[in-house]
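Printed here is upload.csv (CSV, C-alpha atoms (C1' of nucleotides)):
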chain,number,residue,atom,x,y,z
A,487,MET,CA,1.4,28.5,-19.9
A,488,LYS,CA,-2.0,27.2,-21.3
A,489,PRO,CA,-0.9,26.8,-24.9
A,490,ASP,CA,2.1,24.9,-23.6
A,491,VAL,CA,-0.1,22.3,-21.9
A,492,VAL,CA,-2.4,22.1,-24.9
A,493,ARG,CA,0.5,21.2,-27.1
A,494,ILE,CA,1.7,18.5,-24.7
A,495,LEU,CA,-1.8,16.9,-24.7
A,496,GLU,CA,-2.0,16.9,-28.5
A,497,GLU,CA,1.5,15.5,-28.8
A,498,HIS,CA,0.3,12.5,-26.7
A,499,GLY,CA,-2.9,12.0,-28.8
A,500,ILE,CA,-5.2,13.5,-26.2
A,501,GLN,CA,-8.1,15.9,-27.2
A,502,PRO,CA,-7.6,19.0,-25.1
A,503,SER,CA,-10.9,19.7,-23.4
A,504,ALA,CA,-11.2,22.5,-20.9
A,505,GLN,CA,-11.3,20.0,-18.0
A,506,ARG,CA,-8.3,18.0,-19.3
A,507,VAL,CA,-6.3,21.2,-19.6
A,508,ALA,CA,-7.2,22.2,-16.1
A,509,VAL,CA,-6.1,18.9,-14.7
A,510,ALA,CA,-2.9,18.9,-16.8
A,511,GLU,CA,-2.0,22.4,-15.7
A,512,TYR,CA,-1.9,21.3,-12.1
A,513,VAL,CA,-0.7,17.7,-12.3
A,514,LEU,CA,2.1,18.2,-14.9
A,515,HIS,CA,3.7,21.0,-13.1
A,516,THR,CA,3.6,19.9,-9.5
A,517,THR,CA,6.6,18.4,-7.7
A,518,GLU,CA,4.4,16.8,-5.2
A,519,HIS,CA,3.0,13.3,-5.7
A,520,PRO,CA,-0.7,14.1,-5.4
A,521,SER,CA,-3.5,11.6,-4.9
A,522,ALA,CA,-6.5,11.7,-7.2
A,523,ASP,CA,-8.6,13.5,-4.6
A,524,ARG,CA,-5.8,15.9,-4.0
A,525,VAL,CA,-5.8,16.7,-7.7
A,526,TRP,CA,-9.5,17.1,-7.6
A,527,ALA,CA,-9.3,19.6,-4.8
A,528,SER,CA,-6.6,21.6,-6.5
A,529,VAL,CA,-8.3,21.8,-9.9
A,530,GLN,CA,-11.5,22.8,-8.3
A,531,GLU,CA,-9.9,26.1,-7.2
A,532,ASN,CA,-9.7,27.2,-10.8
A,533,PHE,CA,-12.5,25.0,-12.2
A,534,PRO,CA,-15.3,24.7,-9.6
A,535,MET,CA,-17.7,22.6,-11.6
A,536,ILE,CA,-15.4,19.8,-12.5
A,537,SER,CA,-16.6,16.4,-11.3
A,538,ARG,CA,-14.7,13.8,-9.5
A,539,ALA,CA,-15.4,11.2,-12.1
A,540,THR,CA,-13.8,13.4,-14.7
A,541,VAL,CA,-10.7,13.9,-12.7
A,542,TYR,CA,-10.3,10.1,-12.2
A,543,ASN,CA,-11.0,9.5,-15.9
A,544,THR,CA,-8.5,12.1,-16.9
A,545,LEU,CA,-5.8,10.9,-14.7
A,546,HIS,CA,-6.1,7.4,-16.0
A,547,LEU,CA,-6.2,8.6,-19.5
A,548,PHE,CA,-2.9,10.5,-18.9
A,549,VAL,CA,-1.4,7.4,-17.4
A,550,GLY,CA,-2.4,5.3,-20.4
A,551,LYS,CA,-0.9,7.9,-22.7
A,552,GLY,CA,2.4,8.0,-20.8
A,553,LEU,CA,2.0,11.5,-19.3
A,554,LEU,CA,1.9,10.3,-15.7
A,555,ARG,CA,2.9,7.3,-13.7
A,556,GLU,CA,1.0,5.7,-10.9
A,557,LEU,CA,2.7,5.0,-7.6
A,558,HIS,CA,1.5,2.5,-5.1
A,559,LEU,CA,3.5,3.5,-2.0
A,560,ALA,CA,1.0,4.2,0.7
A,561,PRO,CA,-1.9,2.2,2.0
A,562,ASP,CA,-4.6,4.8,1.5
A,563,SER,CA,-4.4,6.0,-2.1
A,564,VAL,CA,-2.8,5.9,-5.4
A,565,LEU,CA,-0.4,8.7,-6.2
A,566,PHE,CA,0.4,10.3,-9.5
A,567,ASP,CA,3.9,11.3,-10.6
A,568,PRO,CA,4.4,13.7,-13.5
A,569,ASN,CA,8.1,12.7,-13.7
A,570,THR,CA,8.0,9.9,-16.3
A,571,ASP,CA,11.8,9.5,-16.5
A,572,ARG,CA,13.0,6.5,-14.6
A,573,HIS,CA,13.8,7.4,-11.1
A,574,HIS,CA,13.6,6.0,-7.5
A,575,HIS,CA,11.6,7.2,-4.5
A,576,PHE,CA,12.3,8.1,-1.0
A,577,ILE,CA,9.5,8.2,1.5
A,578,ASP,CA,9.9,10.4,4.6
A,579,GLU,CA,8.1,8.3,7.3
A,580,GLY,CA,7.9,11.4,9.5
A,581,THR,CA,5.9,13.6,7.1
A,582,GLY,CA,4.7,11.2,4.5
A,583,ARG,CA,6.4,13.3,1.8
A,584,ILE,CA,7.8,11.6,-1.2
A,585,TYR,CA,11.0,12.6,-2.9
A,586,ASP,CA,12.4,11.7,-6.3
A,587,ILE,CA,15.8,10.2,-6.5
A,588,PRO,CA,17.6,10.5,-9.8
A,589,TRP,CA,18.2,7.3,-11.6
A,590,ASP,CA,21.9,7.6,-11.6
A,591,HIS,CA,22.2,8.2,-7.9
A,592,ILE,CA,21.7,4.5,-7.2
A,593,GLU,CA,23.2,1.6,-9.0
A,594,VAL,CA,21.3,-1.6,-9.1
A,595,SER,CA,23.0,-4.8,-10.4
A,596,GLN,CA,20.7,-7.7,-10.8
A,597,ALA,CA,22.8,-10.7,-10.7
A,598,SER,CA,20.0,-13.3,-11.2
A,599,PRO,CA,16.6,-11.9,-10.4
A,600,LEU,CA,13.9,-14.5,-11.3
A,601,PRO,CA,14.5,-17.1,-13.9
A,602,GLY,CA,11.7,-17.4,-16.5
A,603,PHE,CA,10.5,-13.8,-16.0
A,604,GLN,CA,11.4,-10.7,-17.8
A,605,VAL,CA,11.7,-7.5,-15.9
A,606,ASP,CA,9.9,-4.6,-17.6
A,607,ASP,CA,10.5,-2.0,-14.9
A,608,TYR,CA,12.0,-1.6,-11.5
A,609,GLN,CA,12.7,1.0,-8.9
A,610,VAL,CA,14.3,1.3,-5.5
A,611,VAL,CA,11.9,2.4,-2.8
A,612,MET,CA,13.5,3.8,0.3
A,613,ARG,CA,12.0,4.8,3.6
A,614,GLY,CA,13.5,6.9,6.3
A,615,ARG,CA,13.3,10.2,8.0
A,616,ARG,CA,15.1,13.5,8.3
A,617,ARG,CA,18.4,13.1,10.0
A,618,PRO,CA,18.3,14.8,13.5
A,619,THR,CA,20.5,17.8,13.6
A,620,ARG,CA,23.7,17.3,15.6
A,621,ARG,CA,23.8,19.0,18.9
B,1118,MET,CA,2.5,-27.2,14.9
B,1119,LYS,CA,0.2,-25.4,17.3
B,1120,PRO,CA,2.6,-25.3,20.2
B,1121,ASP,CA,5.2,-24.0,17.7
B,1122,VAL,CA,3.1,-21.0,16.9
B,1123,VAL,CA,2.3,-20.3,20.5
B,1124,ARG,CA,5.9,-20.2,21.3
B,1125,ILE,CA,6.6,-17.8,18.5
B,1126,LEU,CA,3.9,-15.5,19.8
B,1127,GLU,CA,5.2,-15.6,23.3
B,1128,GLU,CA,8.7,-14.9,22.2
B,1129,HIS,CA,7.4,-11.7,20.6
B,1130,GLY,CA,5.6,-10.6,23.6
B,1131,ILE,CA,2.1,-11.5,22.4
B,1132,GLN,CA,-0.5,-13.2,24.5
B,1133,PRO,CA,-1.6,-16.2,22.5
B,1134,SER,CA,-5.3,-16.2,22.4
B,1135,ALA,CA,-7.2,-18.7,20.3
B,1136,GLN,CA,-7.9,-16.2,17.6
B,1137,ARG,CA,-4.3,-15.0,17.4
B,1138,VAL,CA,-3.1,-18.5,17.1
B,1139,ALA,CA,-5.5,-19.2,14.3
B,1140,VAL,CA,-4.4,-16.1,12.4
B,1141,ALA,CA,-0.7,-16.9,13.1
B,1142,GLU,CA,-1.0,-20.5,11.9
B,1143,TYR,CA,-2.1,-19.3,8.5
B,1144,VAL,CA,-0.2,-16.1,8.0
B,1145,LEU,CA,3.1,-17.2,9.3
B,1146,HIS,CA,3.3,-20.3,7.1
B,1147,THR,CA,2.0,-19.0,3.8
B,1148,THR,CA,4.3,-18.2,1.0
B,1149,GLU,CA,1.7,-16.0,-0.6
B,1150,HIS,CA,1.4,-12.4,0.3
B,1151,PRO,CA,-2.2,-12.3,1.5
B,1152,SER,CA,-4.4,-9.2,2.0
B,1153,ALA,CA,-6.2,-8.8,5.3
B,1154,ASP,CA,-9.5,-10.0,3.8
B,1155,ARG,CA,-7.7,-13.0,2.3
B,1156,VAL,CA,-6.4,-13.9,5.7
B,1157,TRP,CA,-9.9,-13.5,7.2
B,1158,ALA,CA,-11.3,-15.8,4.6
B,1159,SER,CA,-8.7,-18.5,5.2
B,1160,VAL,CA,-8.8,-18.3,9.0
B,1161,GLN,CA,-12.6,-18.6,8.9
B,1162,GLU,CA,-12.3,-22.1,7.4
B,1163,ASN,CA,-10.9,-23.3,10.8
B,1164,PHE,CA,-12.4,-20.7,13.0
B,1165,PRO,CA,-15.8,-19.7,11.6
B,1166,MET,CA,-16.7,-17.2,14.3
B,1167,ILE,CA,-13.7,-14.9,14.1
B,1168,SER,CA,-14.6,-11.3,13.3
B,1169,ARG,CA,-13.1,-9.1,10.7
B,1170,ALA,CA,-12.1,-6.5,13.3
B,1171,THR,CA,-10.1,-9.1,15.2
B,1172,VAL,CA,-8.2,-10.2,12.1
B,1173,TYR,CA,-7.3,-6.6,11.3
B,1174,ASN,CA,-6.3,-6.0,15.0
B,1175,THR,CA,-4.2,-9.1,15.0
B,1176,LEU,CA,-2.4,-8.4,11.8
B,1177,HIS,CA,-1.5,-4.9,12.9
B,1178,LEU,CA,-0.4,-6.3,16.3
B,1179,PHE,CA,1.9,-8.8,14.5
B,1180,VAL,CA,3.3,-6.0,12.3
B,1181,GLY,CA,4.0,-3.9,15.4
B,1182,LYS,CA,5.8,-6.8,17.1
B,1183,GLY,CA,7.9,-7.6,14.1
B,1184,LEU,CA,6.3,-10.9,13.0
B,1185,LEU,CA,5.0,-9.5,9.7
B,1186,ARG,CA,5.7,-6.8,7.3
B,1187,GLU,CA,3.2,-4.7,5.4
B,1188,LEU,CA,3.6,-4.3,1.7
B,1189,HIS,CA,2.1,-1.5,-0.3
B,1190,LEU,CA,2.5,-2.7,-3.8
B,1191,ALA,CA,-1.0,-2.8,-5.3
B,1192,PRO,CA,-3.7,-0.1,-5.4
B,1193,ASP,CA,-6.5,-2.1,-3.8
B,1194,SER,CA,-5.2,-3.5,-0.5
B,1195,VAL,CA,-2.3,-3.8,1.9
B,1196,LEU,CA,-0.5,-7.2,1.8
B,1197,PHE,CA,1.2,-9.0,4.6
B,1198,ASP,CA,4.5,-10.8,4.3
B,1199,PRO,CA,5.7,-13.3,6.9
B,1200,ASN,CA,9.2,-13.1,5.6
B,1201,THR,CA,10.7,-10.5,7.8
B,1202,ASP,CA,14.2,-11.0,6.4
B,1203,ARG,CA,15.3,-8.2,4.1
B,1204,HIS,CA,14.4,-9.1,0.6
B,1205,HIS,CA,13.1,-7.6,-2.7
B,1206,HIS,CA,9.9,-8.2,-4.6
B,1207,PHE,CA,8.9,-9.1,-8.1
B,1208,ILE,CA,5.3,-8.5,-9.2
B,1209,ASP,CA,4.0,-10.5,-12.1
B,1210,GLU,CA,1.8,-8.0,-13.9
B,1211,GLY,CA,0.1,-10.9,-15.7
B,1212,THR,CA,-1.2,-12.8,-12.7
B,1213,GLY,CA,-0.7,-10.2,-9.9
B,1214,ARG,CA,1.4,-12.8,-8.0
B,1215,ILE,CA,4.3,-11.5,-5.9
B,1216,TYR,CA,7.6,-13.3,-5.6
B,1217,ASP,CA,10.3,-12.8,-3.1
B,1218,ILE,CA,13.8,-12.1,-4.3
B,1219,PRO,CA,16.6,-13.0,-1.9
B,1220,TRP,CA,18.5,-10.0,-0.6
B,1221,ASP,CA,21.8,-11.1,-2.1
B,1222,HIS,CA,20.5,-11.6,-5.6
B,1223,ILE,CA,20.5,-7.8,-6.2
B,1224,GLU,CA,23.2,-5.4,-5.3
B,1225,VAL,CA,22.3,-1.8,-4.6
B,1226,SER,CA,24.9,0.8,-4.3
B,1227,GLN,CA,23.6,4.1,-3.1
B,1228,ALA,CA,26.1,6.6,-4.1
B,1229,SER,CA,24.3,9.7,-2.7
B,1230,PRO,CA,20.7,9.1,-2.0
B,1231,LEU,CA,19.2,12.1,-0.2
B,1232,PRO,CA,21.4,14.5,1.8
B,1233,GLY,CA,19.9,15.3,5.2
B,1234,PHE,CA,18.0,12.0,5.4
B,1235,GLN,CA,18.8,8.7,6.9
B,1236,VAL,CA,17.6,5.6,5.1
B,1237,ASP,CA,16.0,3.1,7.5
B,1238,ASP,CA,14.9,0.6,5.0
B,1239,TYR,CA,14.8,0.0,1.3
B,1240,GLN,CA,13.9,-2.6,-1.3
B,1241,VAL,CA,13.9,-3.0,-5.0
B,1242,VAL,CA,10.4,-3.4,-6.5
B,1243,MET,CA,10.4,-5.1,-9.9
B,1244,ARG,CA,7.5,-5.5,-12.3
B,1245,GLY,CA,7.3,-7.8,-15.3
B,1246,ARG,CA,5.8,-10.9,-16.6
B,1247,ARG,CA,6.6,-14.5,-17.4
B,1248,ARG,CA,8.9,-14.7,-20.4
B,1249,PRO,CA,7.1,-16.2,-23.4
B,1250,THR,CA,8.4,-19.7,-24.3
B,1251,ARG,CA,10.6,-19.7,-27.3
B,1252,ARG,CA,9.0,-21.1,-30.5
C,748,DA,C1',-31.7,21.0,-38.0
C,749,DA,C1',-30.5,16.3,-37.1
C,750,DA,C1',-27.2,12.7,-36.0
C,751,DG,C1',-23.2,10.8,-34.1
C,752,DA,C1',-19.0,10.7,-31.5
C,753,DG,C1',-16.5,12.0,-27.8
C,754,DG,C1',-16.6,14.1,-23.3
C,755,DT,C1',-18.7,15.3,-18.8
C,756,DT,C1',-21.7,14.9,-14.9
C,757,DA,C1',-24.1,13.5,-10.4
C,758,DG,C1',-25.0,10.1,-7.8
C,759,DA,C1',-25.3,5.2,-6.7
C,760,DC,C1',-22.5,1.7,-5.6
C,761,DA,C1',-18.5,-1.5,-3.9
C,762,DA,C1',-14.2,-2.6,-1.5
C,763,DC,C1',-11.1,-1.8,2.1
C,764,DG,C1',-10.2,-0.3,6.4
C,765,DT,C1',-11.3,2.0,11.1
C,766,DC,C1',-13.8,2.9,15.2
C,767,DC,C1',-16.6,2.2,19.1
C,768,DA,C1',-19.4,0.5,22.8
C,769,DA,C1',-20.9,-3.7,24.6
C,770,DA,C1',-20.0,-8.5,25.5
C,771,DT,C1',-16.9,-12.0,26.6
C,772,DC,C1',-12.8,-14.2,28.3
C,773,DA,C1',-8.7,-15.4,31.2
C,774,DG,C1',-6.3,-15.7,35.2
C,775,DG,C1',-5.0,-14.1,39.8
C,776,DA,C1',-6.8,-13.0,44.6
C,777,DG,C1',-9.5,-14.3,48.2
D,843,DC,C1',-14.8,-22.2,43.5
D,844,DT,C1',-16.1,-17.4,42.8
D,845,DC,C1',-15.2,-12.8,42.1
D,846,DC,C1',-12.8,-9.0,40.1
D,847,DT,C1',-10.1,-6.7,36.7
D,848,DG,C1',-7.9,-5.9,32.6
D,849,DA,C1',-7.3,-7.7,28.1
D,850,DT,C1',-9.6,-9.3,24.0
D,851,DT,C1',-13.2,-10.0,20.8
D,852,DT,C1',-17.4,-8.7,18.5
D,853,DG,C1',-20.8,-6.7,15.2
D,854,DG,C1',-22.1,-3.0,13.1
D,855,DA,C1',-21.8,1.8,11.9
D,856,DC,C1',-18.9,4.7,9.6
D,857,DG,C1',-15.3,7.1,6.3
D,858,DT,C1',-12.5,7.1,2.3
D,859,DT,C1',-11.1,5.8,-2.1
D,860,DG,C1',-12.3,4.4,-6.4
D,861,DT,C1',-15.7,2.5,-10.1
D,862,DC,C1',-19.8,2.5,-12.8
D,863,DT,C1',-23.9,4.1,-15.2
D,864,DA,C1',-27.2,6.6,-17.6
D,865,DA,C1',-28.3,11.1,-18.8
D,866,DC,C1',-26.6,15.1,-20.7
D,867,DC,C1',-23.5,18.5,-23.4
D,868,DT,C1',-20.8,20.0,-27.2
D,869,DC,C1',-18.9,20.0,-31.5
D,870,DT,C1',-18.7,18.4,-36.1
D,871,DT,C1',-20.6,16.7,-40.2
D,872,DT,C1',-24.2,16.5,-43.3
Now that the file is in, can you turn its structure into C-alpha cells?
Amino acid sequence: MKPDVVRILEEHGIQPSAQRVAVAEYVLHTTEHPSADRVWASVQENFPMISRATVYNTLHLFVGKGLLRELHLAPDSVLFDPNTDRHHHFIDEGTGRIYDIPWDHIEVSQASPLPGFQVDDYQVVMRGRRRPTRR
Amino acid sequence: MKPDVVRILEEHGIQPSAQRVAVAEYVLHTTEHPSADRVWASVQENFPMISRATVYNTLHLFVGKGLLRELHLAPDSVLFDPNTDRHHHFIDEGTGRIYDIPWDHIEVSQASPLPGFQVDDYQVVMRGRRRPTRR
DNA sequence: AAAGAGGTTAGACAACGTCCAAATCAGGAG
DNA sequence: CTCCTGATTTGGACGTTGTCTAACCTCTTT
C-alpha cells in the first residue's frame, strides 16, 4: 500500500517525505470526513513524533495540489474529503456523520443564479436524520 | 422602528430586554451575513456596555426561536442570516461576500438521496467570483 | 566537508466560542 | 413603595482550532 501512496503524491508534484506518506495513507483511504486534529490523532498511532504543524501544513498542501477538498459544514472545524469527484453531502444531525451523495443522484437546474457572476463550483448540502423505523 | 422589533420578539416568545432589542435592531435588518463578533461590534455603537456573552446568548436564542438561521460556510466563524425563508447561497471567493439566491431560481430534483434518512432541510451552496468585464 | 533547499518541529500566539459565578434588573405580591 | 423571585446580563477565565516563527534536520550538490 505504501508504494501506491508514494506514486500518488509524486503524480501530484509532491515530494513524498515520511510524514507526508503517513498522512496520505490515512487521509486518502478514509471514508470519514476527518478534521485536522482527527487526522493528527490517527497518524500519531503509526508515527508518534509527527507534529501538529506538519499535519496542518501537509493537509493544506494536499488541498492545494488537488488531492483533498476542504469542507466547511460544521461550526467547530474544517473537514477534509479525499473524494475529489464532484458530489453532494448529507449531514446526519443526530450523529454528526457526513455522507457523500453521488453527483448524479441529484439534479440541479440553475435557471438564473446571479447575473454578473460566474459559478466555479457548487454542491447541495442536505441535513436530516435517520428515518425512525416503522412500528 | 423600535416598537416594530419589540413586537417581533414578543411574537416569537422572547422577552424584549434592552439588549435583545439592540441586537435585533441590527441583525434583523441587515442584508449582510454577519458573524457574532461583527454583530457585537455593530451593536456596541448604539449600546456600548453590552457584553460579548450577551450577544452570543441572544443570537443563539434567536436561532432557537426561529428568528435567525446559522450558516456554516466559512472556516473562521459562524454567520447569522435574518432571512429565514428557504433560499440558497452564493459565495464570492474574491470578496468573501455572501449573496442570497431566491429559492425558485434553482430547481433541485432529488432522485434518490440517501435511503433510510429523511431530509429536513437542504440548500445549494455556490462558489465563484465576479465575471470579468469583457474587453 | 560545506552550503543550500526543502521539510519538520515545538511552542507561542490569535481568533472564536463557551462557561460560570456574581451582579443586576424587572415585575408581581404585599 | 418595598421586597422577593426568577430571568438576564456581565466580565473574565477557559478550551479548541488554527497560524506563525525561528531553530533544526536531511538530503543533495559541489
Using only C-alpha atoms (C1' of nucleotides), which chain D residues lie at most 12 Å away from chain A, written as number ranges by chain?
D: 857-863, 868-869
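The interatomic distance for the pair C1' of DA849 (chain D) and CA of Leu1196 (chain B) works out to 27.2 Å.
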Within 12 Å of chain C, which residues of chain A come that close, and what is the closest atom pair and distance in Å for each? Count only C-alpha atoms (C1' of nucleotides) and give it as a Markdown table.
| residue | atom | partner | partner_atom | distance |
| --- | --- | --- | --- | --- |
| A:Ile500 | CA | C:DG753 | C1' | 11.5 |
| A:Gln501 | CA | C:DG753 | C1' | 9.3 |
| A:Pro502 | CA | C:DG754 | C1' | 10.4 |
| A:Ser503 | CA | C:DG754 | C1' | 8.0 |
| A:Ala504 | CA | C:DG754 | C1' | 10.3 |
| A:Gln505 | CA | C:DT755 | C1' | 8.8 |
| A:Arg506 | CA | C:DG754 | C1' | 10.0 |
| A:Met535 | CA | C:DT756 | C1' | 9.3 |
| A:Ile536 | CA | C:DT756 | C1' | 8.3 |
| A:Ser537 | CA | C:DT756 | C1' | 6.4 |
| A:Arg538 | CA | C:DT756 | C1' | 8.9 |
| A:Ala539 | CA | C:DT756 | C1' | 7.8 |
| A:Thr540 | CA | C:DT755 | C1' | 6.7 |
| A:Val541 | CA | C:DT755 | C1' | 10.2 |
| A:Tyr542 | CA | C:DT755 | C1' | 11.9 |
| A:Asn543 | CA | C:DT755 | C1' | 10.1 |
| A:Thr544 | CA | C:DG754 | C1' | 10.5 |
| A:Pro561 | CA | C:DG764 | C1' | 9.7 |
| A:Asp562 | CA | C:DG764 | C1' | 9.0 |
| A:Ser563 | CA | C:DC763 | C1' | 11.1 |
Select all residues near (-12.5, 28.2, -14.4) (cut-off 12 Å, inclusive, file coordinates), counting all atoms listed in the file, and output them as a PyMOL selection string.
chain A and resi 504-505+507-509+528-536
Generate the output file for the selected residues, C-alpha atoms, as an mmCIF file, in the frame of the given file.
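Result written to out_25.cif:
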data_model
loop_
_atom_site.group_PDB
_atom_site.id
_atom_site.type_symbol
_atom_site.label_atom_id
_atom_site.label_comp_id
_atom_site.auth_asym_id
_atom_site.auth_seq_id
_atom_site.Cartn_x
_atom_site.Cartn_y
_atom_site.Cartn_z
ATOM 1 C CA ALA A 504 -11.200 22.500 -20.900
ATOM 2 C CA GLN A 505 -11.300 20.000 -18.000
ATOM 3 C CA VAL A 507 -6.300 21.200 -19.600
ATOM 4 C CA ALA A 508 -7.200 22.200 -16.100
ATOM 5 C CA VAL A 509 -6.100 18.900 -14.700
ATOM 6 C CA SER A 528 -6.600 21.600 -6.500
ATOM 7 C CA VAL A 529 -8.300 21.800 -9.900
ATOM 8 C CA GLN A 530 -11.500 22.800 -8.300
ATOM 9 C CA GLU A 531 -9.900 26.100 -7.200
ATOM 10 C CA ASN A 532 -9.700 27.200 -10.800
ATOM 11 C CA PHE A 533 -12.500 25.000 -12.200
ATOM 12 C CA PRO A 534 -15.300 24.700 -9.600
ATOM 13 C CA MET A 535 -17.700 22.600 -11.600
ATOM 14 C CA ILE A 536 -15.400 19.800 -12.500
#
Point-to-point distance in Å for CA of Thr1201 (chain B) and CA of Gly1181 (chain B):
12.1 Å
Got a sec to pull out which chain B residues are within 10 Å of chain A, counting only C-alpha atoms, and send them as a ChimeraX atom specification?
/B:1187-1196,1205-1210,1216-1219,1221-1250
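Residues in contact with Leu1184 (chain B) at 12 Å, where all atoms listed in the file are counted and same-chain residues fewer than 3 positions away are skipped, are listed as Val1122, Ile1125, Leu1126, Glu1127, Glu1128, His1129, Gly1130, Ile1131, Val1140, Ala1141, Val1144, Leu1145, His1146, Thr1175, Leu1176, His1177, Leu1178, Phe1179, Val1180, Gly1181, Glu1187, Phe1197, Asp1198, Pro1199, Asn1200, Thr1201 and Asp1202 of chain B.
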Output C-alpha atoms of each residue in that selection to a file, as a compact mmCIF listing (two decimals), in the coordinates of the input.
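The file below, result.txt, is the result:
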# COMPACT_ATOMS: atom_id res chain seq x y z
CA VAL B 1122 3.10 -21.00 16.90
CA ILE B 1125 6.60 -17.80 18.50
CA LEU B 1126 3.90 -15.50 19.80
CA GLU B 1127 5.20 -15.60 23.30
CA GLU B 1128 8.70 -14.90 22.20
CA HIS B 1129 7.40 -11.70 20.60
CA GLY B 1130 5.60 -10.60 23.60
CA ILE B 1131 2.10 -11.50 22.40
CA VAL B 1140 -4.40 -16.10 12.40
CA ALA B 1141 -0.70 -16.90 13.10
CA VAL B 1144 -0.20 -16.10 8.00
CA LEU B 1145 3.10 -17.20 9.30
CA HIS B 1146 3.30 -20.30 7.10
CA THR B 1175 -4.20 -9.10 15.00
CA LEU B 1176 -2.40 -8.40 11.80
CA HIS B 1177 -1.50 -4.90 12.90
CA LEU B 1178 -0.40 -6.30 16.30
CA PHE B 1179 1.90 -8.80 14.50
CA VAL B 1180 3.30 -6.00 12.30
CA GLY B 1181 4.00 -3.90 15.40
CA GLU B 1187 3.20 -4.70 5.40
CA PHE B 1197 1.20 -9.00 4.60
CA ASP B 1198 4.50 -10.80 4.30
CA PRO B 1199 5.70 -13.30 6.90
CA ASN B 1200 9.20 -13.10 5.60
CA THR B 1201 10.70 -10.50 7.80
CA ASP B 1202 14.20 -11.00 6.40
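Taking all atoms listed in the file into account, Arg493 (chain A) lies nearest to A:Glu511 out of the set A:Arg555, A:Glu511, A:Pro520, A:Arg620.
Pairwise distance (CA of Leu554 (chain A), CA of Ile1215 (chain B)) equals 24.0 Å.
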